[in-house]
file final.cif (mmCIF, C-alpha atoms and all ligand atoms)
data_entry
#
loop_
_atom_site.label_atom_id
_atom_site.label_comp_id
_atom_site.auth_asym_id
_atom_site.auth_seq_id
_atom_site.Cartn_x
_atom_site.Cartn_y
_atom_site.Cartn_z
CA MET A 272 -8.38 -1.23 1.44
CA GLN A 273 -6.11 -3.62 -0.47
CA PHE A 274 -4.12 -6.46 1.15
CA LYS A 275 -1.28 -5.71 -1.31
CA ASP A 276 -1.90 -2.64 -3.48
CA LEU A 277 -0.28 -3.60 -6.78
CA LYS A 278 -2.60 -1.24 -8.69
CA LYS A 279 -1.47 1.78 -6.71
CA GLN A 280 2.16 0.79 -7.16
CA TYR A 281 1.63 0.50 -10.91
CA GLN A 282 -0.05 3.93 -11.09
CA ILE A 283 3.00 5.47 -9.42
CA LEU A 284 5.57 3.61 -11.55
CA LYS A 285 3.44 3.50 -14.72
CA LYS A 286 5.52 5.76 -16.94
CA ASP A 287 8.79 3.93 -16.28
CA ILE A 288 7.24 0.46 -16.42
CA ASP A 289 5.34 1.16 -19.65
CA ASN A 290 8.54 2.51 -21.21
CA ALA A 291 10.52 -0.52 -20.05
CA ILE A 292 7.95 -2.90 -21.54
CA SER A 293 7.70 -0.94 -24.83
CA PHE A 294 11.45 -1.03 -25.13
CA VAL A 295 11.45 -4.84 -24.99
CA LEU A 296 8.52 -5.01 -27.44
CA ASP A 297 10.34 -2.74 -29.92
CA LYS A 298 13.44 -4.93 -29.77
CA SER A 299 11.38 -8.17 -29.55
CA ASN A 300 14.16 -9.87 -27.59
CA TYR A 301 11.73 -11.76 -25.38
CA ILE A 302 14.12 -14.46 -24.15
CA SER A 303 17.53 -13.70 -22.59
CA GLY A 304 17.52 -10.01 -23.55
CA ARG A 305 20.22 -7.81 -22.07
CA GLN A 306 17.82 -6.65 -19.31
CA VAL A 307 18.08 -10.12 -17.75
CA VAL A 308 21.85 -9.95 -17.24
CA GLU A 309 21.65 -6.30 -16.15
CA LEU A 310 19.05 -7.21 -13.54
CA GLU A 311 21.12 -10.17 -12.34
CA ASN A 312 24.10 -7.87 -11.83
CA SER A 313 22.00 -5.33 -9.89
CA LEU A 314 20.45 -8.03 -7.71
CA ALA A 315 23.83 -9.64 -6.93
CA GLU A 316 25.28 -6.25 -6.05
CA TYR A 317 22.34 -5.33 -3.79
CA VAL A 318 22.47 -8.64 -1.95
CA GLY A 319 26.26 -8.67 -1.75
CA VAL A 320 26.74 -12.05 -3.44
CA LYS A 321 28.93 -12.90 -6.42
CA HIS A 322 26.34 -14.59 -8.66
CA CYS A 323 22.63 -14.15 -9.33
CA ILE A 324 20.94 -16.56 -11.73
CA THR A 325 17.34 -15.61 -12.48
CA CYS A 326 14.79 -18.30 -13.34
CA GLY A 327 11.12 -19.01 -13.93
CA ASN A 328 9.83 -18.89 -10.33
CA GLY A 329 10.79 -19.42 -6.69
CA THR A 330 9.88 -23.11 -6.73
CA ASP A 331 12.20 -23.79 -9.68
CA ALA A 332 14.88 -21.81 -7.83
CA LEU A 333 14.62 -24.26 -4.91
CA THR A 334 14.55 -27.27 -7.24
CA MET A 335 17.66 -26.03 -9.03
CA ALA A 336 19.45 -25.38 -5.73
CA LEU A 337 18.82 -28.99 -4.66
CA MET A 338 19.95 -30.25 -8.10
CA VAL A 339 23.25 -28.39 -7.75
CA LEU A 340 23.81 -29.98 -4.35
CA GLY A 341 23.13 -33.42 -5.84
CA ILE A 342 20.23 -34.12 -3.48
CA LYS A 343 18.62 -37.51 -4.14
CA LYS A 344 16.75 -40.46 -2.67
CA GLY A 345 18.15 -41.42 0.71
CA ASP A 346 19.08 -37.86 1.64
CA ALA A 347 17.45 -35.98 4.51
CA VAL A 348 16.55 -32.31 4.06
CA PHE A 349 15.38 -30.34 7.10
CA VAL A 350 12.46 -27.99 6.44
CA PRO A 351 10.39 -25.79 8.76
CA ASN A 352 6.88 -27.17 9.32
CA PHE A 353 5.34 -23.69 9.05
CA THR A 354 5.95 -22.31 5.53
CA PHE A 355 4.48 -22.27 2.04
CA PHE A 356 4.13 -25.77 0.56
CA ALA A 357 6.74 -25.18 -2.19
CA THR A 358 9.64 -25.35 0.32
CA ALA A 359 8.87 -28.99 1.09
CA GLU A 360 7.56 -29.82 -2.37
CA ALA A 361 10.97 -29.11 -3.95
CA VAL A 362 12.56 -31.61 -1.54
CA SER A 363 10.10 -34.39 -2.34
CA PHE A 364 10.46 -33.59 -6.03
CA SER A 365 14.19 -34.35 -5.70
CA ARG A 366 13.12 -37.72 -4.17
CA ALA A 367 14.91 -36.89 -0.93
CA THR A 368 13.02 -37.10 2.37
CA PRO A 369 11.92 -33.85 3.98
CA ILE A 370 12.13 -33.75 7.75
CA PHE A 371 9.67 -31.28 9.19
CA VAL A 372 10.99 -29.24 12.09
CA ASP A 373 8.99 -27.02 14.43
CA VAL A 374 9.35 -23.22 14.40
CA ASP A 375 9.95 -20.53 16.99
CA GLU A 376 6.72 -19.07 18.37
CA ASP A 377 7.95 -15.46 18.18
CA THR A 378 9.88 -15.27 14.89
CA PHE A 379 7.87 -17.98 13.00
CA ASN A 380 11.23 -19.28 11.71
CA ILE A 381 12.87 -22.70 12.18
CA ASP A 382 13.64 -23.51 15.84
CA SER A 383 17.40 -24.13 15.95
CA GLN A 384 17.27 -26.29 19.09
CA LYS A 385 14.61 -28.57 17.62
CA LEU A 386 16.55 -28.57 14.32
CA GLU A 387 19.63 -29.96 16.08
CA MET A 388 17.50 -32.60 17.83
CA ALA A 389 16.01 -33.66 14.48
CA ILE A 390 19.51 -33.98 12.97
CA GLU A 391 20.65 -36.10 15.93
CA ASP A 392 17.55 -38.30 15.65
CA THR A 393 18.14 -38.79 11.91
CA LEU A 394 21.77 -39.74 12.49
CA SER A 395 20.97 -42.22 15.23
CA GLU A 396 18.20 -43.83 13.19
CA GLY A 397 20.71 -44.20 10.33
CA ARG A 398 18.27 -44.69 7.44
CA LEU A 399 18.85 -41.30 5.80
CA ILE A 400 21.90 -39.12 5.28
CA PRO A 401 21.46 -35.53 6.53
CA LYS A 402 22.49 -33.18 3.71
CA VAL A 403 20.70 -29.83 3.68
CA ILE A 404 18.85 -27.39 5.91
CA ILE A 405 16.32 -25.28 4.03
CA SER A 406 15.77 -22.29 6.26
CA VAL A 407 12.89 -20.02 5.32
CA ASP A 408 12.86 -16.25 5.91
CA LEU A 409 9.17 -16.28 6.71
CA PHE A 410 7.03 -13.13 6.34
CA GLY A 411 10.18 -11.09 5.46
CA LEU A 412 12.24 -11.84 8.57
CA PRO A 413 15.57 -13.64 8.05
CA ALA A 414 15.93 -16.91 9.97
CA ASP A 415 18.55 -17.05 12.74
CA TYR A 416 21.60 -17.69 10.54
CA ILE A 417 24.06 -17.21 13.37
CA LYS A 418 22.72 -20.35 15.06
CA ILE A 419 21.80 -22.21 11.86
CA ARG A 420 25.28 -21.75 10.38
CA LYS A 421 26.85 -23.17 13.55
CA ILE A 422 24.64 -26.24 13.33
CA ALA A 423 25.34 -26.64 9.59
CA ASN A 424 29.08 -26.51 10.26
CA LYS A 425 28.87 -28.95 13.17
CA TYR A 426 27.06 -31.61 11.12
CA ASN A 427 28.63 -30.71 7.74
CA LEU A 428 25.32 -29.73 6.12
CA LYS A 429 24.61 -27.18 3.39
CA ILE A 430 22.17 -24.33 3.90
CA VAL A 431 19.63 -23.39 1.24
CA GLU A 432 18.08 -20.07 2.22
CA ASP A 433 14.50 -19.89 0.94
CA ALA A 434 14.12 -16.12 0.80
CA ALA A 435 11.01 -16.15 -1.40
CA GLN A 436 9.43 -13.86 1.20
CA GLY A 437 12.68 -12.51 2.58
CA PHE A 438 14.19 -10.31 -0.16
CA GLY A 439 15.23 -6.98 1.40
CA GLY A 440 15.51 -8.31 4.96
CA SER A 441 18.85 -8.25 6.76
CA ILE A 442 20.85 -9.24 9.84
CA ASN A 443 23.38 -6.65 11.02
CA SER A 444 23.27 -5.06 7.54
CA LYS A 445 23.99 -8.36 5.74
CA ARG A 446 21.16 -8.86 3.27
CA ALA A 447 18.83 -11.83 2.83
CA CYS A 448 19.84 -14.13 -0.07
CA CYS A 449 23.47 -14.09 1.14
CA PHE A 450 23.06 -16.48 4.09
CA GLY A 451 22.78 -19.81 2.29
CA ASP A 452 25.44 -21.77 0.45
CA ILE A 453 22.75 -21.26 -2.15
CA SER A 454 19.86 -18.82 -1.63
CA THR A 455 16.65 -18.47 -3.57
CA THR A 456 13.91 -15.92 -4.00
CA SER A 457 10.61 -15.46 -5.83
CA PHE A 458 9.29 -12.52 -7.85
CA PHE A 459 5.66 -13.67 -7.62
CA PRO A 460 3.69 -10.38 -7.73
CA ALA A 461 2.77 -10.33 -4.01
CA LYS A 462 6.30 -11.00 -2.69
CA PRO A 463 8.38 -8.08 -1.35
CA LEU A 464 9.94 -7.61 -4.81
CA GLY A 465 7.44 -8.85 -7.39
CA CYS A 466 7.19 -8.83 -11.18
CA TYR A 467 4.04 -9.06 -13.34
CA GLY A 468 3.87 -12.83 -13.53
CA ASP A 469 6.11 -15.61 -12.28
CA GLY A 470 9.83 -15.14 -11.70
CA GLY A 471 12.60 -16.19 -9.36
CA ALA A 472 16.34 -16.13 -8.72
CA VAL A 473 19.16 -18.16 -7.21
CA PHE A 474 22.15 -16.55 -5.45
CA THR A 475 25.55 -18.02 -4.63
CA ASP A 476 29.19 -17.06 -4.09
CA ASN A 477 30.36 -20.39 -5.49
CA ASP A 478 31.60 -20.19 -9.13
CA ASP A 479 31.05 -23.90 -9.83
CA TYR A 480 27.48 -23.77 -8.50
CA ALA A 481 26.83 -20.68 -10.65
CA ASP A 482 28.09 -22.42 -13.84
CA TYR A 483 25.96 -25.45 -13.05
CA LEU A 484 22.88 -23.30 -12.38
CA ARG A 485 23.29 -21.40 -15.68
CA SER A 486 23.54 -24.75 -17.46
CA ILE A 487 20.51 -26.47 -15.88
CA ARG A 488 18.38 -23.35 -16.31
CA VAL A 489 18.55 -24.04 -20.07
CA HIS A 490 18.37 -27.81 -20.65
CA GLY A 491 21.85 -28.55 -19.29
CA LYS A 492 23.60 -26.54 -22.02
CA ASN A 493 27.39 -26.51 -22.29
CA GLY A 494 28.49 -22.94 -21.55
CA SER A 495 27.06 -20.72 -24.30
CA ASP A 496 26.42 -23.65 -26.66
CA LEU A 497 22.64 -24.23 -26.57
CA TYR A 498 22.82 -27.40 -28.67
CA ASP A 499 25.48 -29.25 -26.71
CA ASN A 500 23.59 -30.68 -23.74
CA ILE A 501 25.90 -32.15 -21.14
CA ARG A 502 23.36 -32.96 -18.42
CA LEU A 503 19.61 -33.02 -17.82
CA GLY A 504 18.29 -29.61 -16.93
CA MET A 505 15.05 -27.73 -17.17
CA ASN A 506 13.62 -24.73 -19.02
CA SER A 507 13.38 -22.03 -16.40
CA ARG A 508 14.31 -18.56 -17.57
CA LEU A 509 13.07 -15.16 -16.44
CA ASP A 510 11.36 -13.43 -19.40
CA THR A 511 13.03 -10.26 -20.69
CA ILE A 512 9.79 -8.32 -20.09
CA GLN A 513 9.73 -9.43 -16.44
CA ALA A 514 13.40 -8.46 -16.05
CA ALA A 515 12.66 -5.00 -17.50
CA ILE A 516 9.75 -4.54 -15.08
CA LEU A 517 11.93 -5.71 -12.17
CA GLN A 518 14.64 -3.17 -13.08
CA VAL A 519 12.11 -0.38 -12.46
CA LYS A 520 10.65 -2.05 -9.37
CA LEU A 521 14.06 -2.84 -7.81
CA LYS A 522 14.95 0.85 -8.01
CA ALA A 523 11.70 1.84 -6.25
CA PHE A 524 12.26 -0.96 -3.71
CA ILE A 525 15.75 0.31 -2.86
CA ASP A 526 14.91 4.04 -3.07
CA TYR A 527 11.82 4.06 -0.85
CA GLU A 528 9.51 1.02 -0.79
CA LEU A 529 11.48 -0.99 1.77
CA LYS A 530 11.67 2.01 4.10
CA ALA A 531 7.99 2.79 3.53
CA VAL A 532 6.83 -0.72 4.39
CA ASN A 533 8.92 -0.63 7.57
CA ARG A 534 7.22 2.66 8.48
CA VAL A 535 3.82 0.96 8.06
CA ALA A 536 4.95 -1.91 10.33
CA LYS A 537 5.98 0.64 12.99
CA TRP A 538 2.53 2.27 12.87
CA TYR A 539 0.95 -1.15 13.41
CA ASP A 540 3.40 -1.97 16.22
CA GLN A 541 2.69 1.22 18.12
CA ARG A 542 -1.06 1.00 17.71
CA LEU A 543 -1.40 -2.75 18.45
CA LYS A 544 1.32 -3.54 20.98
CA ASN A 545 -1.04 -3.50 23.96
CA ILE A 546 -3.90 -5.15 22.12
CA VAL A 547 -2.57 -8.25 20.33
CA ASP A 548 0.64 -10.27 20.10
CA ILE A 549 2.59 -8.25 17.47
CA PRO A 550 5.43 -9.68 15.32
CA THR A 551 8.89 -9.95 16.89
CA VAL A 552 11.96 -8.58 15.09
CA PRO A 553 15.06 -9.57 17.12
CA GLN A 554 17.88 -7.09 17.80
CA GLY A 555 20.00 -6.54 14.68
CA PHE A 556 17.36 -8.05 12.36
CA TYR A 557 15.43 -6.12 9.71
CA SER A 558 12.29 -7.40 8.00
CA SER A 559 10.99 -6.71 4.49
CA TRP A 560 7.45 -7.38 5.78
CA ALA A 561 6.13 -9.81 3.21
CA GLN A 562 3.41 -10.17 5.86
CA TYR A 563 2.48 -8.42 9.09
CA THR A 564 1.21 -11.34 11.16
CA VAL A 565 -0.32 -11.01 14.61
CA LYS A 566 -1.33 -13.76 17.02
CA LEU A 567 -4.70 -13.92 18.78
CA LYS A 568 -5.63 -15.80 21.95
CA ASN A 569 -7.30 -18.73 20.23
CA LYS A 570 -8.95 -19.86 17.00
CA GLU A 571 -12.40 -18.55 17.93
CA GLN A 572 -11.07 -15.05 18.61
CA ARG A 573 -8.98 -15.11 15.41
CA ASP A 574 -11.82 -16.29 13.18
CA GLU A 575 -14.27 -13.81 14.73
CA LEU A 576 -11.85 -10.90 14.23
CA LYS A 577 -11.21 -11.92 10.62
CA LYS A 578 -14.97 -11.84 10.00
CA ASN A 579 -15.36 -8.41 11.67
CA LEU A 580 -12.54 -6.95 9.59
CA LYS A 581 -14.02 -8.38 6.41
CA THR A 582 -17.36 -6.71 7.17
CA ALA A 583 -15.48 -3.41 7.42
CA ASP A 584 -13.87 -4.11 4.01
CA ILE A 585 -10.45 -4.84 5.49
CA PRO A 586 -8.92 -7.93 3.88
CA THR A 587 -6.85 -10.30 6.03
CA MET A 588 -5.26 -13.67 5.31
CA ILE A 589 -4.42 -16.76 7.31
CA TYR A 590 -0.81 -17.71 6.60
CA TYR A 591 -0.95 -20.64 7.12
CA PRO A 592 -4.12 -22.55 7.92
CA LYS A 593 -2.29 -25.94 7.83
CA THR A 594 1.23 -27.07 8.68
CA ILE A 595 3.23 -28.85 5.99
CA SER A 596 3.08 -32.16 7.86
CA ASP A 597 -0.74 -31.94 7.82
CA GLN A 598 -0.99 -31.41 4.06
CA THR A 599 -2.93 -34.12 2.23
CA ALA A 600 -0.12 -34.50 -0.32
CA TYR A 601 2.14 -35.74 2.45
CA LYS A 602 -0.24 -38.44 3.69
CA ASP A 603 1.33 -41.19 1.63
CA LEU A 604 4.77 -39.76 0.88
CA ASP A 605 8.02 -40.60 2.59
CA VAL A 606 8.43 -37.90 5.20
CA ILE A 607 9.63 -37.65 8.73
CA THR A 608 8.03 -35.39 11.27
CA ALA A 609 10.29 -34.25 14.06
CA ARG A 610 9.23 -35.14 17.59
CA ASP A 611 7.53 -31.94 18.64
CA LEU A 612 5.54 -29.85 16.15
CA SER A 613 3.28 -28.23 18.72
CA ILE A 614 4.19 -24.61 17.96
CA SER A 615 3.64 -24.83 14.21
CA LYS A 616 0.28 -26.53 14.81
CA LYS A 617 -0.77 -23.90 17.33
CA LEU A 618 0.26 -21.03 15.05
CA CYS A 619 -2.13 -22.24 12.35
CA GLU A 620 -4.99 -21.58 14.76
CA VAL A 621 -4.03 -18.14 16.04
CA VAL A 622 -2.23 -16.23 13.25
CA LEU A 623 -3.79 -13.44 11.21
CA SER A 624 -1.96 -11.44 8.53
CA LEU A 625 -3.08 -7.82 8.17
CA PRO A 626 -2.84 -5.66 5.02
CA ILE A 627 0.71 -4.39 4.53
CA HIS A 628 2.46 -2.76 1.58
CA PRO A 629 4.56 0.38 0.99
CA TYR A 630 1.56 2.44 -0.13
CA LEU A 631 -0.66 1.90 2.92
CA THR A 632 -1.41 5.20 4.70
CA GLU A 633 -1.38 5.92 8.42
CA GLU A 634 -5.16 6.53 8.16
CA ASP A 635 -5.69 3.06 6.66
CA VAL A 636 -3.69 1.50 9.48
CA GLU A 637 -5.71 3.46 12.04
CA VAL A 638 -9.04 2.29 10.56
CA GLY A 639 -8.02 -1.36 10.84
CA CYS A 640 -6.46 -1.03 14.28
CA ALA A 641 -9.51 0.76 15.68
CA ILE A 642 -11.70 -2.18 14.66
CA ILE A 643 -9.26 -4.66 16.17
CA GLU A 644 -9.14 -2.70 19.43
CA ASN A 645 -12.89 -2.39 19.52
CA ARG A 646 -13.62 -6.04 18.86
CA LEU A 647 -11.06 -7.39 21.28
CA LEU A 648 -12.17 -5.08 24.08
CA CYS A 649 -15.75 -6.19 23.47
CA SER A 650 -14.79 -9.84 23.60
CA ILE A 651 -13.04 -9.35 26.93
CA LEU A 652 -16.14 -7.74 28.49
C1 LIG B 1 6.16 -18.11 -2.69
C2 LIG B 1 7.07 -19.04 -2.03
C3 LIG B 1 7.78 -20.01 -2.72
C4 LIG B 1 7.56 -20.30 -4.19
O1 LIG B 1 7.72 -19.23 -5.05
P1 LIG B 1 6.99 -19.24 -6.47
O2 LIG B 1 7.66 -18.13 -7.21
O3 LIG B 1 5.55 -18.99 -6.24
O4 LIG B 1 7.24 -20.55 -7.11
C5 LIG B 1 8.68 -20.81 -2.05
N1 LIG B 1 8.87 -20.67 -0.73
C6 LIG B 1 8.19 -19.75 -0.01
C7 LIG B 1 8.46 -19.63 1.46
C8 LIG B 1 7.25 -18.92 -0.63
O5 LIG B 1 6.57 -18.03 0.10
#
call {"tool": "encode", "arguments": {"input": "final.cif", "output": "structure tokens", "more": "lines below"}}
Ligand SMILES: *Cc1c(COP(=O)(O)O)cnc(C)c1O
result
Amino acid sequence: MQFKDLKKQYQILKKDIDNAISFVLDKSNYISGRQVVELENSLAEYVGVKHCITCGNGTDALTMALMVLGIKKGDAVFVPNFTFFATAEAVSFSRATPIFVDVDEDTFNIDSQKLEMAIEDTLSEGRLIPKVIISVDLFGLPADYIKIRKIANKYNLKIVEDAAQGFGGSINSKRACCFGDISTTSFFPAKPLGCYGDGGAVFTDNDDYADYLRSIRVHGKNGSDLYDNIRLGMNSRLDTIQAAILQVKLKAFIDYELKAVNRVAKWYDQRLKNIVDIPTVPQGFYSSWAQYTVKLKNKEQRDELKKNLKTADIPTMIYYPKTISDQTAYKDLDVITARDLSISKKLCEVVLSLPIHPYLTEEDVEVGCAIIENRLLCSIL
């Protein structure tokens, strides 16, 4: 069994993907070919946002979002303490101070009550200026934007939606990547919509932000003039070949993959609901299931189960074994940890992500769930 079956996906899409790649090779327009703009238009339309600006990867997308917002030393950026390192890394890279906030035990996403407390604490301390909330749509589930938007409005903060894992998710039919003032995603192969290398995108409704993003993506160019550089930028473009591959994969994602992966999650839910703590999807929310993450009783039970599943050739992952505030890189950097990080720390001990992808069969799910049931019943006895 594969954790993510990219080989199977390729076998199914092979003809279209091979044709798309050959087409780019024949034209040899490797940088900024027309497929890039076409893809950007399709992505913006799917998400329901005015502008999509593709780029080199999801980390650059976050860095560019913070550049547009003018984030710098002395600014405070609120980040969930339970996420992939890149979310916080982009903040420190901008020389602002990340403030790590605890997450909700059930959704794994930023805890809005603790977020508001952290903002209040930052204001009363007075050293840093609160500027941005980076909310993460962890494991495919959008964060609670109804509450987060209220908080952002109350304190006059911008929202950057890190939807690297969230593409395809939605809240009341509004799609992920539309919830931030600026939203970002990643096309890393294992993300819900992946290419065959690194890739990413930034989304916004704001015309000025979009112009700025298109400029800094290519060395701060002036409109279409590549050799008039009006600001410092970076070199972060999505390759034409990756765009061509994503055109094929986006169609499969919209036509059936997103529905298929939700079907797999339902099979897991039904089979595991009385056995382990299954993922929560609140009313009105829809996940794109970047991960299917269950919670066990404690670290011993989790580690033991992981070992048993491995013996049966069922791959699992621990997302994440360490909170951001516990990362070695942050030992000597300027960071602030919010008062209570107990949930994020506890999650690192009890979470286990099971194989999930659109091509997983009901039989595969049954094999894994039978082992989980068996082991956990044994450990109770
Ligand atoms: C993967 C990921 C990123 C970074 O994306 P890359 O394309 O690998 O640079 C950022 N944030 C989160 C939450 C991620 O999962």
call {"tool": "closest_residue", "arguments": {"input": "final.cif", "among": "A:Asp574, A:Glu309, A:Asp331, A:Glu316", "to": "Arg646 (chain A)", "atoms": "all atoms listed in the file"}}
result
A:Asp574
call {"tool": "residues_near_ligand", "arguments": {"input": "final.cif", "ligand": "ligand LIG 1 (chain B)", "cutoff": "6 Å", "atoms": "all atoms listed in the file", "output": "PDB file with C-alpha atoms, in the frame of the given file"}}
result
ATOM      1  CA  ASN A 328       9.830 -18.890 -10.330  1.00  0.00           C
ATOM      2  CA  GLY A 329      10.790 -19.420  -6.690  1.00  0.00           C
ATOM      3  CA  THR A 330       9.880 -23.110  -6.730  1.00  0.00           C
ATOM      4  CA  THR A 354       5.950 -22.310   5.530  1.00  0.00           C
ATOM      5  CA  PHE A 355       4.480 -22.270   2.040  1.00  0.00           C
ATOM      6  CA  ALA A 357       6.740 -25.180  -2.190  1.00  0.00           C
ATOM      7  CA  THR A 358       9.640 -25.350   0.320  1.00  0.00           C
ATOM      8  CA  VAL A 407      12.890 -20.020   5.320  1.00  0.00           C
ATOM      9  CA  ASP A 433      14.500 -19.890   0.940  1.00  0.00           C
ATOM     10  CA  ALA A 435      11.010 -16.150  -1.400  1.00  0.00           C
ATOM     11  CA  GLN A 436       9.430 -13.860   1.200  1.00  0.00           C
ATOM     12  CA  SER A 457      10.610 -15.460  -5.830  1.00  0.00           C
ATOM     13  CA  PHE A 458       9.290 -12.520  -7.850  1.00  0.00           C
ATOM     14  CA  PHE A 459       5.660 -13.670  -7.620  1.00  0.00           C
ATOM     15  CA  ASP A 469       6.110 -15.610 -12.280  1.00  0.00           C
ATOM     16  CA  GLY A 470       9.830 -15.140 -11.700  1.00  0.00           C
ATOM     17  CA  GLY A 471      12.600 -16.190  -9.360  1.00  0.00           C
TER      18      GLY A 471
END
call {"tool": "closest_residue", "arguments": {"input": "final.cif", "among": "A:Phe274, A:Phe371, A:Phe410, A:Tyr630", "to": "Tyr591 (chain A)", "atoms": "all atoms listed in the file"}}
result
A:Phe410
call {"tool": "closest_residue", "arguments": {"input": "final.cif", "among": "A:Thr551, A:Gln306, A:Ser363, A:Asn579", "to": "Val606 (chain A)", "atoms": "all atoms listed in the file"}}
result
A:Ser363
call {"tool": "atom_distance", "arguments": {"input": "final.cif", "atom1": "CA of Leu337 (chain A)", "atom2": "CA of Ser444 (chain A)"}}
result
27.2 Å
call {"tool": "closest_residue", "arguments": {"input": "final.cif", "among": "A:Asp603, A:Asp408, A:Glu634, A:Asp382", "to": "Ala561 (chain A)", "atoms": "only C-alpha atoms"}}
result
A:Asp408
call {"tool": "residues_around", "arguments": {"input": "final.cif", "residues": "Ala600 (chain A)", "least_positions_apart": "4", "cutoff": "10 Å", "atoms": "all atoms listed in the file", "output": "list of chain:residue names"}}
result
A:Phe356, A:Glu360, A:Ile595, A:Ser596, A:Leu604
call {"tool": "atom_distance", "arguments": {"input": "final.cif", "atom1": "CA of Ser486 (chain A)", "atom2": "CA of Lys344 (chain A)"}}
result
22.6 Å
call {"tool": "closest_residue", "arguments": {"input": "final.cif", "among": "A:Tyr563, A:Phe474, A:Tyr539, A:Tyr480", "to": "Tyr317 (chain A)", "atoms": "all atoms listed in the file"}}
result
A:Phe474
call {"tool": "axis_aligned_box", "arguments": {"input": "final.cif", "around": "region 375-391 of chain A", "padding_each_side": "8 Å", "output": "lines of an AutoDock Vina configuration file"}}
result
center_x = 13.7
center_y = -25.7
center_z = 15.4
size_x = 29.9
size_y = 36.8
size_z = 23.4
call {"tool": "residues_around", "arguments": {"input": "final.cif", "residues": "Ile302 (chain A)", "least_positions_apart": "2", "cutoff": "9 Å", "atoms": "all atoms listed in the file", "output": "ChimeraX atom specification"}}
result
/A:299-300,304,307,508-512
call {"tool": "closest_residue", "arguments": {"input": "final.cif", "among": "A:Lys566, A:Lys279, A:Lys522, A:Arg398", "to": "Ser624 (chain A)", "atoms": "all atoms listed in the file"}}
result
A:Lys566
call {"tool": "residues_around", "arguments": {"input": "final.cif", "residues": "Met338 (chain A)", "least_positions_apart": "2", "cutoff": "10 Å", "atoms": "all atoms listed in the file", "output": "short mmCIF file (atom, residue, chain, number, x, y, z; two decimals) with C-alpha atoms, in the frame of the given file"}}
result
data_model
loop_
_atom_site.label_atom_id
_atom_site.label_comp_id
_atom_site.auth_asym_id
_atom_site.auth_seq_id
_atom_site.Cartn_x
_atom_site.Cartn_y
_atom_site.Cartn_z
CA ALA A 332 14.88 -21.81 -7.83
CA LEU A 333 14.62 -24.26 -4.91
CA THR A 334 14.55 -27.27 -7.24
CA MET A 335 17.66 -26.03 -9.03
CA ALA A 336 19.45 -25.38 -5.73
CA LEU A 340 23.81 -29.98 -4.35
CA GLY A 341 23.13 -33.42 -5.84
CA ILE A 342 20.23 -34.12 -3.48
CA LYS A 343 18.62 -37.51 -4.14
CA ALA A 361 10.97 -29.11 -3.95
CA VAL A 362 12.56 -31.61 -1.54
CA SER A 365 14.19 -34.35 -5.70
CA TYR A 480 27.48 -23.77 -8.50
CA TYR A 483 25.96 -25.45 -13.05
CA LEU A 484 22.88 -23.30 -12.38
CA ILE A 487 20.51 -26.47 -15.88
CA GLY A 504 18.29 -29.61 -16.93
#
call {"tool": "build_atoms", "arguments": {"input": "final.cif", "residues": "region 316-326 of chain A", "atoms": "N, CA and C atoms", "output": "mmCIF file, in the frame of the given file"}}
result
data_model
loop_
_atom_site.group_PDB
_atom_site.id
_atom_site.type_symbol
_atom_site.label_atom_id
_atom_site.label_comp_id
_atom_site.auth_asym_id
_atom_site.auth_seq_id
_atom_site.Cartn_x
_atom_site.Cartn_y
_atom_site.Cartn_z
ATOM 1 N N GLU A 316 24.606 -7.364 -6.728
ATOM 2 C CA GLU A 316 25.280 -6.250 -6.050
ATOM 3 C C GLU A 316 24.492 -5.830 -4.809
ATOM 4 N N TYR A 317 23.179 -5.735 -4.930
ATOM 5 C CA TYR A 317 22.340 -5.330 -3.790
ATOM 6 C C TYR A 317 22.460 -6.313 -2.636
ATOM 7 N N VAL A 318 22.425 -7.605 -2.988
ATOM 8 C CA VAL A 318 22.470 -8.640 -1.950
ATOM 9 C C VAL A 318 23.891 -8.782 -1.371
ATOM 10 N N GLY A 319 24.894 -8.504 -2.210
ATOM 11 C CA GLY A 319 26.260 -8.670 -1.750
ATOM 12 C C GLY A 319 26.764 -10.089 -1.961
ATOM 13 N N VAL A 320 26.352 -10.681 -3.088
ATOM 14 C CA VAL A 320 26.740 -12.050 -3.440
ATOM 15 C C VAL A 320 27.331 -12.001 -4.845
ATOM 16 N N LYS A 321 28.222 -12.942 -5.147
ATOM 17 C CA LYS A 321 28.930 -12.900 -6.420
ATOM 18 C C LYS A 321 28.020 -13.179 -7.627
ATOM 19 N N HIS A 322 27.140 -14.187 -7.491
ATOM 20 C CA HIS A 322 26.340 -14.590 -8.660
ATOM 21 C C HIS A 322 24.844 -14.543 -8.373
ATOM 22 N N CYS A 323 24.092 -14.026 -9.341
ATOM 23 C CA CYS A 323 22.630 -14.150 -9.330
ATOM 24 C C CYS A 323 22.233 -14.802 -10.640
ATOM 25 N N ILE A 324 21.438 -15.862 -10.541
ATOM 26 C CA ILE A 324 20.940 -16.560 -11.730
ATOM 27 C C ILE A 324 19.417 -16.499 -11.662
ATOM 28 N N THR A 325 18.801 -15.699 -12.519
ATOM 29 C CA THR A 325 17.340 -15.610 -12.480
ATOM 30 C C THR A 325 16.727 -16.854 -13.119
ATOM 31 N N CYS A 326 15.471 -17.114 -12.791
ATOM 32 C CA CYS A 326 14.790 -18.300 -13.340
ATOM 33 C C CYS A 326 13.281 -18.075 -13.347
#
